[in-house]
Amino acid sequence: MTIKSIQTDITTLQIDAIVNAANNTLLGGGGVDDVIHSAAGPELLEECRTLNGCETGDAKITKGYDLPAKYVIHTVGPIYGQYSPNEAKNLLESCYLRSLQLADENKCKSIAFPAVSTGVYMFPKEEATRVAIKTIRDYFQDNEIASTIDEVILVSFNEYDKSLIDSVLKG
Ligand code: ADP
């Protein structure tokens with residue numbers, strides 16, 4: 001498994017699964033959620049309506065509809081400030097873990113993550129990046145043989161976020 005860092009609009013990626021930074025309703029919101037729903041078309045919202053929302057730290061999977069990606073994995077990150085810093089960190093970790101598990105259950109080979117919780121939900125970017133990378137690395141240390149995933153893409157939306165991801169990846 002390799003971790004790649006790419007600066008792009010996540011909806012353009014032609015891969016097995018893209019992750020959506022959704023909210024508890026799964027019925028659409030701002031930021032990357034809005035961009036994904038717009039690009040996927042109204043059928044995505046129809047499927048999301050059948051899912052009965054999603055707990056913070058959990059994830060649910062749908063088809064990708066008009067997106068080039070086959071699946072969308074909707075995860076709900078913590079709103080920073082609504083939890084203790086440690087609880088927020090554990091919830092963010094759980095978002096990455098649950099998303100990877102769902103990707104594996106659906107035999108995905110590639111999955112792309114946006115920077116969950118670091119937009120409107122205000123999770124500090126550097127810590128969020130560290131949590132993301134550590135959780136992904138730990139997951140593959142435990143599941144390398146069983147996992148179908150061979151590529152994880154960390155998607156940044158501006159140059160600052162890209163350089164942050166690149167520097168944490170280098171360790
Ligand atoms: P949250 O509510 O979890 O904080 P946001 O959508 O507000 O989610 O932000 C999450 C991250 O997604 C931010 O770092 C933002 O820059 C990034 N982002 C926004 N639009 C896109 C996009 N089209 N592709 C990839 N990342 C995006």
# chains A, B, ... in the order shown; residues from 1 in each chain; ligands from 1
>>> closest_atom_pairs(of="chain A", to="ligand 1", cutoff="9 Å", atoms="only C-alpha atoms and all ligand atoms", output="Markdown table")
| residue | atom | partner | partner_atom_place_in_ligand_line | distance |
| --- | --- | --- | --- | --- |
| A:Gln7 | CA | ligand 1 | 25 (C) | 7.8 |
| A:Thr8 | CA | ligand 1 | 24 (N) | 6.1 |
| A:Asp9 | CA | ligand 1 | 24 (N) | 3.7 |
| A:Ile10 | CA | ligand 1 | 24 (N) | 3.9 |
| A:Thr11 | CA | ligand 1 | 23 (N) | 6.1 |
| A:Thr12 | CA | ligand 1 | 24 (N) | 8.4 |
| A:Asn20 | CA | ligand 1 | 6 (O) | 8.0 |
| A:Ala21 | CA | ligand 1 | 3 (O) | 4.5 |
| A:Ala22 | CA | ligand 1 | 3 (O) | 6.3 |
| A:Asn23 | CA | ligand 1 | 2 (O) | 6.9 |
| A:Gly29 | CA | ligand 1 | 2 (O) | 8.0 |
| A:Gly30 | CA | ligand 1 | 6 (O) | 6.0 |
| A:Gly31 | CA | ligand 1 | 6 (O) | 3.4 |
| A:Val32 | CA | ligand 1 | 20 (N) | 3.8 |
| A:Asp33 | CA | ligand 1 | 6 (O) | 5.7 |
| A:Asp34 | CA | ligand 1 | 6 (O) | 7.7 |
| A:Val35 | CA | ligand 1 | 23 (N) | 5.6 |
| A:Ile36 | CA | ligand 1 | 23 (N) | 7.1 |
| A:Thr75 | CA | ligand 1 | 3 (O) | 8.5 |
| A:Val76 | CA | ligand 1 | 3 (O) | 6.9 |
| A:Gly77 | CA | ligand 1 | 3 (O) | 5.4 |
| A:Pro78 | CA | ligand 1 | 3 (O) | 7.5 |
| A:Ile79 | CA | ligand 1 | 4 (O) | 7.4 |
| A:Tyr80 | CA | ligand 1 | 4 (O) | 8.9 |
| A:Phe113 | CA | ligand 1 | 25 (C) | 8.0 |
| A:Pro114 | CA | ligand 1 | 26 (N) | 4.8 |
| A:Ala115 | CA | ligand 1 | 11 (C) | 4.4 |
| A:Val116 | CA | ligand 1 | 3 (O) | 4.4 |
| A:Ser117 | CA | ligand 1 | 3 (O) | 3.1 |
| A:Thr118 | CA | ligand 1 | 4 (O) | 4.3 |
| A:Gly119 | CA | ligand 1 | 4 (O) | 3.3 |
| A:Val120 | CA | ligand 1 | 7 (O) | 4.0 |
| A:Tyr121 | CA | ligand 1 | 4 (O) | 3.7 |
| A:Met122 | CA | ligand 1 | 4 (O) | 5.9 |
| A:Phe123 | CA | ligand 1 | 4 (O) | 7.1 |
| A:Lys125 | CA | ligand 1 | 14 (O) | 7.9 |
| A:Val155 | CA | ligand 1 | 25 (C) | 5.7 |
| A:Ser156 | CA | ligand 1 | 26 (N) | 5.6 |
| A:Phe157 | CA | ligand 1 | 26 (N) | 4.8 |
| A:Asn158 | CA | ligand 1 | 16 (O) | 7.0 |
| A:Asp161 | CA | ligand 1 | 14 (O) | 7.3 |
>>> residues_around(residues="Glu105 in chain A", least_positions_apart="6", cutoff="10 Å", atoms="only C-alpha atoms", output="MDAnalysis selection string")
chainID A and resid 99 147:148
>>> select_by_dssp(residues="chain A", states="strand (DSSP E or B)", output="JSON list (two decimals) with all heavy atoms, in the first residue's frame")
[["chain", "number", "residue", "atom", "x", "y", "z"],
["A", 2, "THR", "N", 0.52, 2.19, -0.86],
["A", 2, "THR", "CA", 1.25, 3.47, -0.84],
["A", 2, "THR", "C", 0.29, 4.61, -0.53],
["A", 2, "THR", "O", -0.89, 4.55, -0.88],
["A", 2, "THR", "CB", 1.93, 3.75, -2.20],
["A", 2, "THR", "OG1", 0.93, 3.62, -3.23],
["A", 2, "THR", "CG2", 3.05, 2.79, -2.49],
["A", 3, "ILE", "N", 0.82, 5.61, 0.14],
["A", 3, "ILE", "CA", 0.04, 6.82, 0.42],
["A", 3, "ILE", "C", 0.55, 7.92, -0.51],
["A", 3, "ILE", "O", 1.75, 8.19, -0.56],
["A", 3, "ILE", "CB", 0.20, 7.29, 1.88],
["A", 3, "ILE", "CG1", -0.17, 6.18, 2.86],
["A", 3, "ILE", "CG2", -0.66, 8.53, 2.14],
["A", 3, "ILE", "CD1", -0.03, 6.58, 4.33],
["A", 4, "LYS", "N", -0.38, 8.51, -1.27],
["A", 4, "LYS", "CA", -0.03, 9.57, -2.21],
["A", 4, "LYS", "C", -0.66, 10.88, -1.74],
["A", 4, "LYS", "O", -1.76, 10.86, -1.19],
["A", 4, "LYS", "CB", -0.64, 9.26, -3.57],
["A", 4, "LYS", "CG", 0.28, 8.69, -4.59],
["A", 4, "LYS", "CD", -0.38, 8.91, -5.96],
["A", 4, "LYS", "CE", 0.09, 7.91, -6.97],
["A", 4, "LYS", "NZ", -0.78, 7.89, -8.15],
["A", 5, "SER", "N", -0.01, 11.99, -2.03],
["A", 5, "SER", "CA", -0.57, 13.30, -1.71],
["A", 5, "SER", "C", -0.81, 14.05, -3.01],
["A", 5, "SER", "O", 0.10, 14.22, -3.82],
["A", 5, "SER", "CB", 0.44, 14.04, -0.83],
["A", 5, "SER", "OG", 0.25, 15.42, -0.87],
["A", 6, "ILE", "N", -2.06, 14.46, -3.23],
["A", 6, "ILE", "CA", -2.41, 15.16, -4.48],
["A", 6, "ILE", "C", -3.25, 16.39, -4.17],
["A", 6, "ILE", "O", -4.17, 16.33, -3.36],
["A", 6, "ILE", "CB", -3.23, 14.24, -5.44],
["A", 6, "ILE", "CG1", -2.46, 12.96, -5.79],
["A", 6, "ILE", "CG2", -3.60, 14.98, -6.71],
["A", 6, "ILE", "CD1", -3.24, 12.03, -6.71],
["A", 7, "GLN", "N", -2.93, 17.49, -4.85],
["A", 7, "GLN", "CA", -3.75, 18.70, -4.73],
["A", 7, "GLN", "C", -4.73, 18.73, -5.90],
["A", 7, "GLN", "O", -4.32, 18.92, -7.05],
["A", 7, "GLN", "CB", -2.85, 19.93, -4.75],
["A", 7, "GLN", "CG", -3.63, 21.22, -4.54],
["A", 7, "GLN", "CD", -2.74, 22.45, -4.67],
["A", 7, "GLN", "OE1", -1.52, 22.35, -4.53],
["A", 7, "GLN", "NE2", -3.34, 23.58, -4.94],
["A", 17, "ALA", "N", -13.05, 4.56, -4.49],
["A", 17, "ALA", "CA", -13.85, 5.25, -3.47],
["A", 17, "ALA", "C", -13.28, 6.61, -3.12],
["A", 17, "ALA", "O", -12.06, 6.75, -2.95],
["A", 17, "ALA", "CB", -13.91, 4.39, -2.21],
["A", 18, "ILE", "N", -14.17, 7.60, -3.04],
["A", 18, "ILE", "CA", -13.76, 8.88, -2.46],
["A", 18, "ILE", "C", -14.52, 9.04, -1.15],
["A", 18, "ILE", "O", -15.66, 8.57, -1.01],
["A", 18, "ILE", "CB", -14.00, 10.10, -3.39],
["A", 18, "ILE", "CG1", -15.49, 10.32, -3.68],
["A", 18, "ILE", "CG2", -13.20, 9.96, -4.68],
["A", 18, "ILE", "CD1", -15.77, 11.67, -4.35],
["A", 19, "VAL", "N", -13.87, 9.67, -0.20],
["A", 19, "VAL", "CA", -14.50, 9.89, 1.11],
["A", 19, "VAL", "C", -15.10, 11.28, 1.13],
["A", 19, "VAL", "O", -14.51, 12.25, 0.63],
["A", 19, "VAL", "CB", -13.46, 9.70, 2.24],
["A", 19, "VAL", "CG1", -14.06, 10.03, 3.60],
["A", 19, "VAL", "CG2", -12.93, 8.25, 2.22],
["A", 20, "ASN", "N", -16.30, 11.35, 1.69],
["A", 20, "ASN", "CA", -16.99, 12.64, 1.86],
["A", 20, "ASN", "C", -16.93, 13.05, 3.32],
["A", 20, "ASN", "O", -17.24, 12.24, 4.19],
["A", 20, "ASN", "CB", -18.45, 12.48, 1.41],
["A", 20, "ASN", "CG", -19.24, 13.77, 1.54],
["A", 20, "ASN", "OD1", -18.66, 14.85, 1.68],
["A", 20, "ASN", "ND2", -20.57, 13.66, 1.51],
["A", 21, "ALA", "N", -16.56, 14.30, 3.58],
["A", 21, "ALA", "CA", -16.63, 14.85, 4.95],
["A", 21, "ALA", "C", -18.07, 15.35, 5.13],
["A", 21, "ALA", "O", -18.38, 16.50, 4.82],
["A", 21, "ALA", "CB", -15.62, 15.98, 5.11],
["A", 22, "ALA", "N", -18.93, 14.44, 5.59],
["A", 22, "ALA", "CA", -20.37, 14.72, 5.65],
["A", 22, "ALA", "C", -20.77, 15.23, 7.04],
["A", 22, "ALA", "O", -19.91, 15.42, 7.91],
["A", 22, "ALA", "CB", -21.13, 13.43, 5.33],
["A", 59, "ALA", "N", -18.92, 5.79, 9.46],
["A", 59, "ALA", "CA", -18.95, 6.00, 8.01],
["A", 59, "ALA", "C", -19.99, 5.10, 7.37],
["A", 59, "ALA", "O", -20.28, 4.03, 7.90],
["A", 59, "ALA", "CB", -17.57, 5.71, 7.42],
["A", 60, "LYS", "N", -20.54, 5.55, 6.26],
["A", 60, "LYS", "CA", -21.49, 4.73, 5.48],
["A", 60, "LYS", "C", -21.15, 4.87, 4.00],
["A", 60, "LYS", "O", -20.66, 5.91, 3.56],
["A", 60, "LYS", "CB", -22.92, 5.19, 5.74],
["A", 60, "LYS", "CG", -23.36, 4.90, 7.18],
["A", 60, "LYS", "CD", -24.84, 5.00, 7.39],
["A", 60, "LYS", "CE", -25.19, 4.60, 8.84],
["A", 60, "LYS", "NZ", -26.62, 4.78, 9.14],
["A", 61, "ILE", "N", -21.44, 3.82, 3.24],
["A", 61, "ILE", "CA", -21.03, 3.80, 1.83],
["A", 61, "ILE", "C", -22.24, 3.87, 0.90],
["A", 61, "ILE", "O", -23.29, 3.32, 1.21],
["A", 61, "ILE", "CB", -20.16, 2.54, 1.54],
["A", 61, "ILE", "CG1", -19.47, 2.64, 0.18],
["A", 61, "ILE", "CG2", -20.98, 1.27, 1.66],
["A", 61, "ILE", "CD1", -18.34, 1.64, -0.01],
["A", 62, "THR", "N", -22.07, 4.60, -0.21],
["A", 62, "THR", "CA", -23.08, 4.64, -1.26],
["A", 62, "THR", "C", -22.38, 4.45, -2.60],
["A", 62, "THR", "O", -21.15, 4.48, -2.67],
["A", 62, "THR", "CB", -23.81, 6.00, -1.33],
["A", 62, "THR", "OG1", -22.86, 7.01, -1.69],
["A", 62, "THR", "CG2", -24.49, 6.36, -0.02],
["A", 63, "LYS", "N", -23.19, 4.34, -3.63],
["A", 63, "LYS", "CA", -22.62, 4.36, -4.98],
["A", 63, "LYS", "C", -22.17, 5.78, -5.33],
["A", 63, "LYS", "O", -22.55, 6.74, -4.67],
["A", 63, "LYS", "CB", -23.67, 3.87, -5.98],
["A", 63, "LYS", "CG", -23.91, 2.38, -5.86],
["A", 63, "LYS", "CD", -24.83, 1.87, -6.96],
["A", 63, "LYS", "CE", -26.24, 1.87, -6.46],
["A", 63, "LYS", "NZ", -27.20, 1.31, -7.43],
["A", 71, "TYR", "N", -17.59, 4.43, -5.62],
["A", 71, "TYR", "CA", -18.30, 4.58, -4.34],
["A", 71, "TYR", "C", -17.97, 5.92, -3.68],
["A", 71, "TYR", "O", -16.89, 6.47, -3.89],
["A", 71, "TYR", "CB", -17.85, 3.51, -3.34],
["A", 71, "TYR", "CG", -18.15, 2.09, -3.74],
["A", 71, "TYR", "CD1", -17.12, 1.23, -4.11],
["A", 71, "TYR", "CD2", -19.45, 1.59, -3.70],
["A", 71, "TYR", "CE1", -17.37, -0.09, -4.45],
["A", 71, "TYR", "CE2", -19.72, 0.27, -4.04],
["A", 71, "TYR", "CZ", -18.68, -0.56, -4.41],
["A", 71, "TYR", "OH", -18.93, -1.87, -4.75],
["A", 72, "VAL", "N", -18.93, 6.37, -2.84],
["A", 72, "VAL", "CA", -18.64, 7.48, -1.92],
["A", 72, "VAL", "C", -18.76, 6.92, -0.51],
["A", 72, "VAL", "O", -19.76, 6.27, -0.17],
["A", 72, "VAL", "CB", -19.62, 8.65, -2.09],
["A", 72, "VAL", "CG1", -19.28, 9.77, -1.09],
["A", 72, "VAL", "CG2", -19.59, 9.21, -3.51],
["A", 73, "ILE", "N", -17.74, 7.12, 0.30],
["A", 73, "ILE", "CA", -17.80, 6.73, 1.70],
["A", 73, "ILE", "C", -18.00, 8.01, 2.51],
["A", 73, "ILE", "O", -17.16, 8.91, 2.50],
["A", 73, "ILE", "CB", -16.51, 5.99, 2.11],
["A", 73, "ILE", "CG1", -16.43, 4.66, 1.35],
["A", 73, "ILE", "CG2", -16.49, 5.76, 3.62],
["A", 73, "ILE", "CD1", -15.13, 3.90, 1.54],
["A", 74, "HIS", "N", -19.16, 8.10, 3.14],
["A", 74, "HIS", "CA", -19.53, 9.31, 3.88],
["A", 74, "HIS", "C", -19.11, 9.14, 5.33],
["A", 74, "HIS", "O", -19.60, 8.23, 6.01],
["A", 74, "HIS", "CB", -21.04, 9.53, 3.82],
["A", 74, "HIS", "CG", -21.58, 9.51, 2.41],
["A", 74, "HIS", "ND1", -21.84, 10.66, 1.70],
["A", 74, "HIS", "CD2", -21.87, 8.47, 1.58],
["A", 74, "HIS", "CE1", -22.29, 10.33, 0.50],
["A", 74, "HIS", "NE2", -22.32, 9.01, 0.40],
["A", 75, "THR", "N", -18.23, 9.98, 5.80],
["A", 75, "THR", "CA", -17.84, 9.90, 7.20],
["A", 75, "THR", "C", -18.13, 11.23, 7.87],
["A", 75, "THR", "O", -18.16, 12.28, 7.22],
["A", 75, "THR", "CB", -16.35, 9.48, 7.35],
["A", 75, "THR", "OG1", -16.11, 9.14, 8.72],
["A", 75, "THR", "CG2", -15.39, 10.58, 6.93],
["A", 76, "VAL", "N", -18.39, 11.16, 9.18],
["A", 76, "VAL", "CA", -18.75, 12.39, 9.92],
["A", 76, "VAL", "C", -17.67, 12.66, 10.95],
["A", 76, "VAL", "O", -17.53, 11.94, 11.94],
["A", 76, "VAL", "CB", -20.13, 12.25, 10.60],
["A", 76, "VAL", "CG1", -20.50, 13.56, 11.29],
["A", 76, "VAL", "CG2", -21.20, 11.86, 9.58],
["A", 110, "SER", "N", -8.48, 1.42, -4.35],
["A", 110, "SER", "CA", -7.99, 2.78, -4.16],
["A", 110, "SER", "C", -9.04, 3.61, -3.43],
["A", 110, "SER", "O", -10.24, 3.43, -3.64],
["A", 110, "SER", "CB", -7.68, 3.41, -5.52],
["A", 110, "SER", "OG", -8.77, 3.21, -6.40],
["A", 111, "ILE", "N", -8.58, 4.50, -2.58],
["A", 111, "ILE", "CA", -9.49, 5.35, -1.79],
["A", 111, "ILE", "C", -8.82, 6.72, -1.61],
["A", 111, "ILE", "O", -7.61, 6.79, -1.41],
["A", 111, "ILE", "CB", -9.82, 4.70, -0.43],
["A", 111, "ILE", "CG1", -10.70, 5.62, 0.44],
["A", 111, "ILE", "CG2", -8.57, 4.29, 0.34],
["A", 111, "ILE", "CD1", -11.25, 4.95, 1.71],
["A", 112, "ALA", "N", -9.63, 7.78, -1.73],
["A", 112, "ALA", "CA", -9.10, 9.14, -1.56],
["A", 112, "ALA", "C", -9.84, 9.84, -0.42],
["A", 112, "ALA", "O", -11.07, 9.79, -0.35],
["A", 112, "ALA", "CB", -9.27, 9.93, -2.85],
["A", 113, "PHE", "N", -9.07, 10.47, 0.45],
["A", 113, "PHE", "CA", -9.64, 11.22, 1.57],
["A", 113, "PHE", "C", -9.44, 12.72, 1.40],
["A", 113, "PHE", "O", -8.34, 13.16, 1.08],
["A", 113, "PHE", "CB", -8.90, 10.86, 2.87],
["A", 113, "PHE", "CG", -9.21, 9.52, 3.44],
["A", 113, "PHE", "CD1", -8.41, 8.43, 3.13],
["A", 113, "PHE", "CD2", -10.26, 9.35, 4.32],
["A", 113, "PHE", "CE1", -8.67, 7.18, 3.68],
["A", 113, "PHE", "CE2", -10.53, 8.10, 4.89],
["A", 113, "PHE", "CZ", -9.73, 7.02, 4.56],
["A", 151, "GLU", "N", -3.75, 1.66, -2.78],
["A", 151, "GLU", "CA", -3.40, 3.08, -2.86],
["A", 151, "GLU", "C", -4.37, 3.94, -2.03],
["A", 151, "GLU", "O", -5.58, 3.83, -2.17],
["A", 151, "GLU", "CB", -3.45, 3.54, -4.31],
["A", 151, "GLU", "CG", -3.00, 4.96, -4.50],
["A", 151, "GLU", "CD", -2.84, 5.28, -5.98],
["A", 151, "GLU", "OE1", -3.85, 5.41, -6.68],
["A", 151, "GLU", "OE2", -1.69, 5.39, -6.43],
["A", 152, "VAL", "N", -3.80, 4.77, -1.17],
["A", 152, "VAL", "CA", -4.58, 5.74, -0.40],
["A", 152, "VAL", "C", -4.11, 7.13, -0.83],
["A", 152, "VAL", "O", -2.91, 7.43, -0.79],
["A", 152, "VAL", "CB", -4.39, 5.58, 1.12],
["A", 152, "VAL", "CG1", -5.19, 6.63, 1.87],
["A", 152, "VAL", "CG2", -4.82, 4.18, 1.56],
["A", 153, "ILE", "N", -5.06, 7.95, -1.27],
["A", 153, "ILE", "CA", -4.72, 9.30, -1.73],
["A", 153, "ILE", "C", -5.21, 10.32, -0.72],
["A", 153, "ILE", "O", -6.38, 10.32, -0.33],
["A", 153, "ILE", "CB", -5.34, 9.56, -3.12],
["A", 153, "ILE", "CG1", -4.83, 8.54, -4.13],
["A", 153, "ILE", "CG2", -5.04, 10.98, -3.58],
["A", 153, "ILE", "CD1", -5.57, 8.57, -5.46],
["A", 154, "LEU", "N", -4.30, 11.17, -0.27],
["A", 154, "LEU", "CA", -4.68, 12.27, 0.62],
["A", 154, "LEU", "C", -4.83, 13.51, -0.26],
["A", 154, "LEU", "O", -3.87, 13.98, -0.86],
["A", 154, "LEU", "CB", -3.62, 12.48, 1.69],
["A", 154, "LEU", "CG", -3.45, 11.29, 2.65],
["A", 154, "LEU", "CD1", -2.31, 11.56, 3.63],
["A", 154, "LEU", "CD2", -4.75, 11.03, 3.41],
["A", 155, "VAL", "N", -6.06, 14.01, -0.32],
["A", 155, "VAL", "CA", -6.35, 15.11, -1.24],
["A", 155, "VAL", "C", -6.31, 16.45, -0.48],
["A", 155, "VAL", "O", -6.97, 16.60, 0.54],
["A", 155, "VAL", "CB", -7.74, 14.93, -1.88],
["A", 155, "VAL", "CG1", -8.07, 16.10, -2.80],
["A", 155, "VAL", "CG2", -7.79, 13.62, -2.67],
["A", 156, "SER", "N", -5.53, 17.37, -1.03],
["A", 156, "SER", "CA", -5.50, 18.72, -0.47],
["A", 156, "SER", "C", -6.15, 19.65, -1.47],
["A", 156, "SER", "O", -6.22, 19.35, -2.67],
["A", 156, "SER", "CB", -4.06, 19.15, -0.21],
["A", 156, "SER", "OG", -3.26, 18.81, -1.31]]
>>> closest_residue(among="A:Glu47, A:Asp58, A:Asp166, A:Glu126", to="Arg98 in chain A", atoms="only C-alpha atoms")
A:Asp58
>>> select_by_dssp(residues="range 16-148 of chain A", states="helix (DSSP H, G or I)", output="count of residues only")
58
>>> atom_distance(atom1="CA of Tyr96 in chain A", atom2="CA of Ile15 in chain A")
17.4 Å
>>> atom_distance(atom1="CA of Arg137 in chain A", atom2="CA of Asn106 in chain A")
19.8 Å
>>> residues_around(residues="Gly41 in chain A", least_positions_apart="5", cutoff="10 Å", atoms="only C-alpha atoms", output="list in words")
Ile36, Glu46, Gly64, Tyr65, Asp66 and Leu67 of chain A
>>> closest_residue(among="A:Cys95, A:Cys108, A:Val168, A:Ala103", to="Thr135 in chain A", atoms="only C-alpha atoms")
A:Cys95
